[in-house]
file model.txt (compact mmCIF, C-alpha atoms)
# COMPACT_ATOMS: atom_id res chain seq x y z
CA MET N 1 -16.90 -8.04 6.65
CA THR N 2 -18.02 -4.43 6.61
CA PHE N 3 -21.14 -3.36 4.79
CA THR N 4 -22.05 -0.04 3.23
CA LEU N 5 -25.40 1.73 3.37
CA THR N 6 -25.89 0.78 -0.29
CA ASP N 7 -25.50 -2.90 0.61
CA PHE N 8 -28.32 -2.56 3.15
CA LEU N 9 -30.55 -0.63 0.75
CA ILE N 10 -30.12 -3.26 -1.96
CA SER N 11 -30.55 -6.19 0.47
CA ILE N 12 -33.84 -5.02 2.00
CA PRO N 13 -36.05 -5.35 -1.13
CA ILE N 14 -34.37 -8.60 -2.19
CA ALA N 15 -34.90 -10.14 1.26
CA ALA N 16 -38.49 -8.80 1.37
CA ALA N 17 -39.25 -10.41 -2.00
CA LEU N 18 -37.79 -13.74 -0.87
CA ILE N 19 -39.73 -13.61 2.41
CA ALA N 20 -42.95 -12.82 0.53
CA ALA N 21 -42.32 -15.81 -1.76
CA ILE N 22 -41.74 -18.09 1.23
CA VAL N 23 -44.90 -16.82 2.97
CA LEU N 24 -46.90 -17.41 -0.22
CA PHE N 25 -45.47 -20.93 -0.48
CA TYR N 26 -46.45 -21.66 3.15
CA LYS N 27 -50.01 -20.39 2.56
CA LYS N 28 -50.49 -22.46 -0.62
CA THR N 29 -49.25 -25.66 0.99
CA ASP N 30 -51.20 -25.16 4.22
CA ARG N 31 -48.07 -25.24 6.35
CA SER N 32 -47.79 -23.35 9.59
CA THR N 33 -44.96 -21.93 11.64
CA THR N 34 -44.51 -20.15 14.93
CA PRO N 35 -44.06 -16.36 14.97
CA MET N 36 -40.63 -16.74 16.61
CA GLY N 37 -39.51 -19.28 13.99
CA CYS N 38 -40.71 -16.96 11.24
CA PHE N 39 -38.82 -14.02 12.77
CA ILE N 40 -35.59 -16.00 13.16
CA GLY N 41 -35.91 -17.31 9.60
CA CYS N 42 -36.38 -13.75 8.29
CA VAL N 43 -33.30 -12.54 10.16
CA ILE N 44 -31.19 -15.43 8.86
CA LEU N 45 -32.44 -14.92 5.30
CA PHE N 46 -31.71 -11.19 5.47
CA TRP N 47 -28.19 -11.93 6.77
CA PHE N 48 -27.46 -14.29 3.85
CA VAL N 49 -28.79 -11.76 1.32
CA LEU N 50 -26.73 -8.98 2.92
CA CYS N 51 -23.54 -11.10 2.83
CA PHE N 52 -24.18 -11.99 -0.81
CA VAL N 53 -24.80 -8.37 -1.84
CA GLY N 54 -21.81 -7.17 0.21
CA GLY N 55 -19.55 -9.78 -1.38
CA VAL N 56 -20.65 -8.83 -4.88
CA SER N 57 -20.09 -5.13 -4.23
CA LYS N 58 -16.63 -5.81 -2.74
CA ARG N 59 -15.65 -7.86 -5.80
CA LYS N 60 -16.84 -5.06 -8.12
CA GLN N 61 -14.92 -2.49 -6.10
CA ALA N 62 -11.76 -4.63 -6.08
CA LYS N 63 -12.05 -5.19 -9.83
CA ALA N 64 -12.49 -1.45 -10.44
CA GLU N 65 -9.48 -0.64 -8.25
CA SER N 66 -7.34 -3.33 -9.89
CA HIS N 67 -6.92 -0.99 -12.85
CA PHE N 68 -5.17 1.59 -10.66
CA VAL N 69 -1.92 1.90 -8.70
CA LYS N 70 -1.82 3.86 -5.45
CA VAL N 71 0.95 6.43 -5.82
CA THR N 72 2.19 8.73 -3.06
CA LEU N 73 3.34 12.21 -4.06
CA VAL N 74 6.64 13.21 -2.46
CA SER N 75 5.78 16.89 -1.94
CA ASN N 76 2.73 16.47 0.32
CA ARG N 77 2.52 12.67 0.88
CA GLU N 78 -0.94 12.63 -0.72
CA THR N 79 -1.97 9.27 -2.17
CA ILE N 80 -3.54 9.31 -5.62
CA LYS N 81 -4.77 6.59 -7.95
CA VAL N 82 -2.96 6.36 -11.26
CA PRO N 83 -4.31 4.15 -14.08
CA LYS N 84 -2.02 1.20 -14.79
CA SER N 85 -2.08 2.19 -18.45
CA GLU N 86 0.12 5.21 -17.59
CA PHE N 87 2.95 2.90 -16.54
CA ILE N 88 4.67 2.15 -19.83
CA GLY N 89 8.21 1.17 -20.77
CA ASN N 90 10.46 0.80 -17.73
CA ASP N 91 7.64 1.99 -15.46
CA THR N 92 5.61 -1.20 -16.00
CA VAL N 93 7.41 -2.67 -12.94
CA TYR N 94 5.29 -0.39 -10.74
CA ARG N 95 1.91 -1.71 -11.95
CA ASN N 96 1.48 -4.34 -9.23
CA ARG N 97 3.65 -2.92 -6.46
CA ASP N 98 3.04 -1.22 -3.14
CA GLY N 99 5.11 1.74 -1.98
CA VAL N 100 5.17 3.56 -5.34
CA TYR N 101 6.10 7.25 -5.07
CA LYS N 102 6.24 10.03 -7.65
CA ASN N 103 8.80 12.83 -7.66
CA ASP N 104 6.47 15.81 -8.01
CA THR N 105 8.92 18.27 -6.42
CA GLY N 106 10.18 19.68 -9.73
CA LYS N 107 13.77 18.92 -8.66
CA GLU N 108 16.05 15.93 -9.04
CA LEU N 109 16.07 13.59 -6.05
CA VAL N 110 18.57 10.96 -4.96
CA LYS N 111 17.80 7.70 -3.18
CA TYR N 112 20.79 6.14 -1.42
CA SER N 113 21.70 3.75 1.41
CA VAL N 114 24.30 4.28 4.14
CA LYS N 115 25.91 1.35 5.90
CA TYR N 116 26.42 1.63 9.66
CA THR N 117 28.49 -0.68 11.83
CA LYS N 118 29.06 -0.72 15.57
CA ASN N 119 31.80 1.88 14.96
CA GLY N 120 29.43 4.26 13.17
CA TYR N 121 29.24 5.49 9.59
CA GLU N 122 31.07 3.26 7.15
CA GLY N 123 33.87 5.11 5.34
CA ASN N 124 32.86 4.30 1.76
CA VAL N 125 30.89 6.77 -0.37
CA PRO N 126 27.28 5.66 -0.90
CA ILE N 127 26.01 5.22 -4.46
CA GLY N 128 22.80 7.07 -5.19
CA LEU N 129 20.03 6.54 -7.69
CA LEU N 130 18.97 9.72 -9.49
CA ILE N 131 15.21 10.31 -9.64
CA LYS N 132 14.22 12.98 -12.14
CA PRO N 133 11.08 15.14 -11.84
CA ASN N 134 7.83 13.23 -12.50
CA GLU N 135 9.58 9.85 -12.27
CA TYR N 136 8.22 6.97 -10.21
CA PHE N 137 10.26 5.04 -7.65
CA LEU N 138 9.79 2.55 -4.82
CA TRP N 139 10.08 3.68 -1.22
CA SER N 140 9.51 1.86 2.04
CA GLU N 141 8.07 3.81 4.98
CA ASP N 142 9.72 1.67 7.64
CA GLY N 143 11.90 2.77 10.54
CA ASN N 144 15.07 2.63 8.43
CA SER N 145 13.97 5.10 5.72
CA TYR N 146 14.27 8.88 5.92
CA MET N 147 13.19 11.60 3.51
CA PHE N 148 14.98 14.95 3.35
CA GLN N 149 17.28 14.23 6.28
CA LEU N 150 21.05 13.99 6.27
CA PRO N 151 22.53 10.73 7.54
CA PRO N 152 23.53 10.83 11.21
CA LYS N 153 27.16 10.06 12.08
CA THR N 154 26.07 7.07 14.18
CA THR N 155 22.98 4.97 14.77
CA SER N 156 22.22 2.03 17.02
CA VAL N 157 23.12 -1.28 15.47
CA THR N 158 21.30 -4.29 16.83
CA TYR N 159 22.97 -7.64 16.51
CA ARG N 160 20.69 -9.97 14.66
CA SER N 161 21.09 -13.54 13.61
CA SER N 162 21.10 -14.65 10.00
CA TYR N 163 20.91 -18.35 9.14
CA GLY N 164 21.19 -19.56 12.70
CA LYS N 165 22.89 -18.39 15.85
CA SER N 166 26.44 -18.79 14.55
CA ASN N 167 26.17 -16.13 11.82
CA LYS N 168 25.47 -12.74 13.43
CA LEU N 169 25.20 -9.49 11.50
CA ASP N 170 26.72 -6.44 13.16
CA PHE N 171 25.69 -3.78 10.63
CA THR N 172 22.59 -2.07 9.35
CA TYR N 173 21.58 0.05 6.38
CA LEU N 174 19.56 3.24 6.52
CA GLU N 175 17.91 4.52 3.35
CA PHE N 176 17.71 8.23 2.52
CA LEU N 177 15.96 10.39 -0.06
CA ASP N 178 17.04 13.97 -0.61
CA TYR N 179 17.56 16.66 -3.23
CA ALA N 180 20.45 15.91 -5.59
CA ASP N 181 22.13 19.29 -5.11
CA ARG N 182 22.07 18.83 -1.33
CA VAL N 183 23.90 15.46 -1.30
CA ALA N 184 26.04 15.89 -4.44
CA ASN N 185 29.37 15.96 -2.56
CA ASP N 186 28.61 13.11 -0.14
CA VAL N 187 27.05 10.58 -2.52
CA ASN N 188 28.25 9.16 -5.83
CA ILE N 189 25.14 9.83 -7.92
CA VAL N 190 24.87 7.75 -11.09
CA GLY N 191 23.95 9.96 -14.08
CA TYR N 192 24.23 13.30 -12.25
CA SER N 193 26.52 16.06 -13.38
CA LYS N 194 27.52 18.55 -10.71
CA ASN N 195 27.26 22.12 -11.99
call {"tool": "encode", "arguments": {"input": "model.txt", "output": "structure tokens"}}
result
Amino acid sequence: MTFTLTDFLISIPIAAALIAAIVLFYKKTDRSTTPMGCFIGCVILFWFVLCFVGGVSKRKQAKAESHFVKVTLVSNRETIKVPKSEFIGNDTVYRNRDGVYKNDTGKELVKYSVKYTKNGYEGNVPIGLLIKPNEYFLWSEDGNSYMFQLPPKTTSVTYRSSYGKSNKLDFTYLEFLDYADRVANDVNIVGYSKN
């Protein structure tokens, strides 16, 4: 658990008040303790107070952030916090998701997948999803996703097993995001009219 400076500043007076109360209790009941035992007890008490204060502040922070969605802007890859209340209608699906992006380029974008086999680029025309300006969409930043790059003619295809050793997959999909006017002839874009 990591603690902030504020956690320490709040914990110090609380721990000091508790230690003073314990010392007062010991004096009133005529009990005695060794200096080393008192020191160790103070350190342990301070640690418990610090953990309690840190836990409370983390819960408050998490609750405050639960009202926001982290959205990455396509143009500069900056991450911003958008209130969940802005996601209305069809956009409500993005309220509790990771990997939400916003098309802030001012142009129409297309998200599409290309299937590759051991022989290279599959011959069928990929179907693309049109993303209009200021629309939200999901995007995964893994090794199979590329923004503003044209699909290569070939890529390495690793054989991988699916449902046991007997069923091997010899294909892979790469996902691309690009401007609609740049891929209009190579991708069947749903809802896009070529001018």
call {"tool": "closest_residue", "arguments": {"input": "model.txt", "among": "N:Gly99, N:Pro83, N:Gly106, N:Pro152", "to": "N:Phe137", "atoms": "only C-alpha atoms"}}
result
N:Gly99
call {"tool": "closest_residue", "arguments": {"input": "model.txt", "among": "N:Ala17, N:Lys118, N:Gly55, N:Leu73", "to": "N:Cys42", "atoms": "all atoms listed in the file"}}
result
N:Ala17
call {"tool": "closest_residue", "arguments": {"input": "model.txt", "among": "N:Lys111, N:Lys81, N:Lys70, N:Lys28", "to": "N:Asp98", "atoms": "all atoms listed in the file"}}
result
N:Lys70
call {"tool": "closest_residue", "arguments": {"input": "model.txt", "among": "N:Phe39, N:Phe171, N:Phe48, N:Tyr146", "to": "N:Thr117", "atoms": "all atoms listed in the file"}}
result
N:Phe171
call {"tool": "residues_near_point", "arguments": {"input": "model.txt", "point": "(2.2, 15.6, -4.1)", "cutoff": "10 Å", "atoms": "all atoms listed in the file", "output": "MDAnalysis selection string"}}
result
chainID N and resid 71:80 101:105
call {"tool": "write_last_selection", "arguments": {"input": "model.txt", "atoms": "C-alpha atoms", "output": "mmCIF file, in the frame of the given file"}}
result
data_model
loop_
_atom_site.group_PDB
_atom_site.id
_atom_site.type_symbol
_atom_site.label_atom_id
_atom_site.label_comp_id
_atom_site.auth_asym_id
_atom_site.auth_seq_id
_atom_site.Cartn_x
_atom_site.Cartn_y
_atom_site.Cartn_z
ATOM 1 C CA VAL N 71 0.950 6.430 -5.820
ATOM 2 C CA THR N 72 2.190 8.730 -3.060
ATOM 3 C CA LEU N 73 3.340 12.210 -4.060
ATOM 4 C CA VAL N 74 6.640 13.210 -2.460
ATOM 5 C CA SER N 75 5.780 16.890 -1.940
ATOM 6 C CA ASN N 76 2.730 16.470 0.320
ATOM 7 C CA ARG N 77 2.520 12.670 0.880
ATOM 8 C CA GLU N 78 -0.940 12.630 -0.720
ATOM 9 C CA THR N 79 -1.970 9.270 -2.170
ATOM 10 C CA ILE N 80 -3.540 9.310 -5.620
ATOM 11 C CA TYR N 101 6.100 7.250 -5.070
ATOM 12 C CA LYS N 102 6.240 10.030 -7.650
ATOM 13 C CA ASN N 103 8.800 12.830 -7.660
ATOM 14 C CA ASP N 104 6.470 15.810 -8.010
ATOM 15 C CA THR N 105 8.920 18.270 -6.420
#
call {"tool": "residues_around", "arguments": {"input": "model.txt", "residues": "N:Leu5", "least_positions_apart": "4", "cutoff": "12 Å", "atoms": "all atoms listed in the file", "output": "ChimeraX atom specification"}}
result
/N:9-12,50,53-54,57
call {"tool": "write_last_selection", "arguments": {"input": "model.txt", "atoms": "C-alpha atoms", "output": "PDB file, in the coordinates of the input"}}
result
ATOM      1  CA  LEU N   9     -30.550  -0.630   0.750  1.00  0.00           C
ATOM      2  CA  ILE N  10     -30.120  -3.260  -1.960  1.00  0.00           C
ATOM      3  CA  SER N  11     -30.550  -6.190   0.470  1.00  0.00           C
ATOM      4  CA  ILE N  12     -33.840  -5.020   2.000  1.00  0.00           C
ATOM      5  CA  LEU N  50     -26.730  -8.980   2.920  1.00  0.00           C
ATOM      6  CA  VAL N  53     -24.800  -8.370  -1.840  1.00  0.00           C
ATOM      7  CA  GLY N  54     -21.810  -7.170   0.210  1.00  0.00           C
ATOM      8  CA  SER N  57     -20.090  -5.130  -4.230  1.00  0.00           C
TER       9      SER N  57
END
call {"tool": "atom_distance", "arguments": {"input": "model.txt", "atom1": "atom CA of N:Leu18", "atom2": "atom CA of N:Val43"}}
result
12.0 Å
call {"tool": "closest_residue", "arguments": {"input": "model.txt", "among": "N:Val69, N:Val100, N:Val23, N:Leu129", "to": "N:Asn188", "atoms": "only C-alpha atoms"}}
result
N:Leu129
call {"tool": "residues_around", "arguments": {"input": "model.txt", "residues": "N:Tyr173", "least_positions_apart": "6", "cutoff": "7 Å", "atoms": "only C-alpha atoms", "output": "VMD selection string"}}
result
chain N and resid 113 to 116
call {"tool": "closest_residue", "arguments": {"input": "model.txt", "among": "N:Gln149, N:Thr29, N:Gly143, N:Val125", "to": "N:Asn185", "atoms": "only C-alpha atoms"}}
result
N:Val125
call {"tool": "residues_near_point", "arguments": {"input": "model.txt", "point": "(6.9, 5.2, -13.5)", "cutoff": "8 Å", "atoms": "all atoms listed in the file", "output": "VMD selection string"}}
result
chain N and resid 86 to 88 90 to 94 102 135 to 137
call {"tool": "build_atoms", "arguments": {"input": "model.txt", "residues": "stretch 137-153 of chain N", "atoms": "N, CA, C and O atoms", "output": "PDB file, in the frame of the given file"}}
result
ATOM      1  N   PHE N 137       9.244   5.849  -8.324  1.00  0.00           N
ATOM      2  CA  PHE N 137      10.260   5.040  -7.650  1.00  0.00           C
ATOM      3  C   PHE N 137       9.601   4.322  -6.486  1.00  0.00           C
ATOM      4  O   PHE N 137       8.494   4.656  -6.063  1.00  0.00           O
ATOM      5  N   LEU N 138      10.286   3.305  -5.972  1.00  0.00           N
ATOM      6  CA  LEU N 138       9.790   2.550  -4.820  1.00  0.00           C
ATOM      7  C   LEU N 138      10.419   3.104  -3.552  1.00  0.00           C
ATOM      8  O   LEU N 138      11.607   3.437  -3.524  1.00  0.00           O
ATOM      9  N   TRP N 139       9.600   3.186  -2.506  1.00  0.00           N
ATOM     10  CA  TRP N 139      10.080   3.680  -1.220  1.00  0.00           C
ATOM     11  C   TRP N 139       9.357   2.953  -0.112  1.00  0.00           C
ATOM     12  O   TRP N 139       8.155   2.748  -0.182  1.00  0.00           O
ATOM     13  N   SER N 140      10.088   2.573   0.898  1.00  0.00           N
ATOM     14  CA  SER N 140       9.510   1.860   2.040  1.00  0.00           C
ATOM     15  C   SER N 140       9.436   2.816   3.223  1.00  0.00           C
ATOM     16  O   SER N 140      10.429   3.441   3.580  1.00  0.00           O
ATOM     17  N   GLU N 141       8.270   2.919   3.821  1.00  0.00           N
ATOM     18  CA  GLU N 141       8.070   3.810   4.980  1.00  0.00           C
ATOM     19  C   GLU N 141       8.309   3.062   6.286  1.00  0.00           C
ATOM     20  O   GLU N 141       7.492   3.106   7.191  1.00  0.00           O
ATOM     21  N   ASP N 142       9.436   2.361   6.386  1.00  0.00           N
ATOM     22  CA  ASP N 142       9.720   1.670   7.640  1.00  0.00           C
ATOM     23  C   ASP N 142      10.645   2.534   8.509  1.00  0.00           C
ATOM     24  O   ASP N 142      10.962   3.661   8.163  1.00  0.00           O
ATOM     25  N   GLY N 143      11.078   2.009   9.608  1.00  0.00           N
ATOM     26  CA  GLY N 143      11.900   2.770  10.540  1.00  0.00           C
ATOM     27  C   GLY N 143      13.314   3.033  10.071  1.00  0.00           C
ATOM     28  O   GLY N 143      14.065   3.751  10.728  1.00  0.00           O
ATOM     29  N   ASN N 144      13.711   2.452   8.942  1.00  0.00           N
ATOM     30  CA  ASN N 144      15.070   2.630   8.430  1.00  0.00           C
ATOM     31  C   ASN N 144      15.113   3.524   7.192  1.00  0.00           C
ATOM     32  O   ASN N 144      16.098   3.520   6.473  1.00  0.00           O
ATOM     33  N   SER N 145      14.045   4.257   6.905  1.00  0.00           N
ATOM     34  CA  SER N 145      13.970   5.100   5.720  1.00  0.00           C
ATOM     35  C   SER N 145      13.655   6.535   6.122  1.00  0.00           C
ATOM     36  O   SER N 145      12.745   6.772   6.912  1.00  0.00           O
ATOM     37  N   TYR N 146      14.409   7.476   5.542  1.00  0.00           N
ATOM     38  CA  TYR N 146      14.270   8.880   5.920  1.00  0.00           C
ATOM     39  C   TYR N 146      14.259   9.767   4.688  1.00  0.00           C
ATOM     40  O   TYR N 146      15.139   9.669   3.838  1.00  0.00           O
ATOM     41  N   MET N 147      13.272  10.644   4.614  1.00  0.00           N
ATOM     42  CA  MET N 147      13.190  11.600   3.510  1.00  0.00           C
ATOM     43  C   MET N 147      13.687  12.963   3.987  1.00  0.00           C
ATOM     44  O   MET N 147      13.318  13.421   5.066  1.00  0.00           O
ATOM     45  N   PHE N 148      14.505  13.581   3.157  1.00  0.00           N
ATOM     46  CA  PHE N 148      14.980  14.950   3.350  1.00  0.00           C
ATOM     47  C   PHE N 148      15.657  15.140   4.706  1.00  0.00           C
ATOM     48  O   PHE N 148      15.476  16.142   5.379  1.00  0.00           O
ATOM     49  N   GLN N 149      16.453  14.149   5.081  1.00  0.00           N
ATOM     50  CA  GLN N 149      17.280  14.230   6.280  1.00  0.00           C
ATOM     51  C   GLN N 149      18.688  13.778   5.904  1.00  0.00           C
ATOM     52  O   GLN N 149      18.852  12.848   5.111  1.00  0.00           O
ATOM     53  N   LEU N 150      19.677  14.431   6.486  1.00  0.00           N
ATOM     54  CA  LEU N 150      21.050  13.990   6.270  1.00  0.00           C
ATOM     55  C   LEU N 150      21.341  12.808   7.175  1.00  0.00           C
ATOM     56  O   LEU N 150      20.797  12.716   8.281  1.00  0.00           O
ATOM     57  N   PRO N 151      22.201  11.899   6.722  1.00  0.00           N
ATOM     58  CA  PRO N 151      22.530  10.730   7.540  1.00  0.00           C
ATOM     59  C   PRO N 151      23.223  11.135   8.837  1.00  0.00           C
ATOM     60  O   PRO N 151      24.122  11.975   8.822  1.00  0.00           O
ATOM     61  N   PRO N 152      22.814  10.553   9.958  1.00  0.00           N
ATOM     62  CA  PRO N 152      23.530  10.830  11.210  1.00  0.00           C
ATOM     63  C   PRO N 152      24.900  10.157  11.180  1.00  0.00           C
ATOM     64  O   PRO N 152      25.125   9.226  10.410  1.00  0.00           O
ATOM     65  N   LYS N 153      25.810  10.651  12.022  1.00  0.00           N
ATOM     66  CA  LYS N 153      27.160  10.060  12.080  1.00  0.00           C
ATOM     67  C   LYS N 153      27.112   8.646  12.649  1.00  0.00           C
ATOM     68  O   LYS N 153      27.899   7.786  12.255  1.00  0.00           O
TER      69      LYS N 153
END
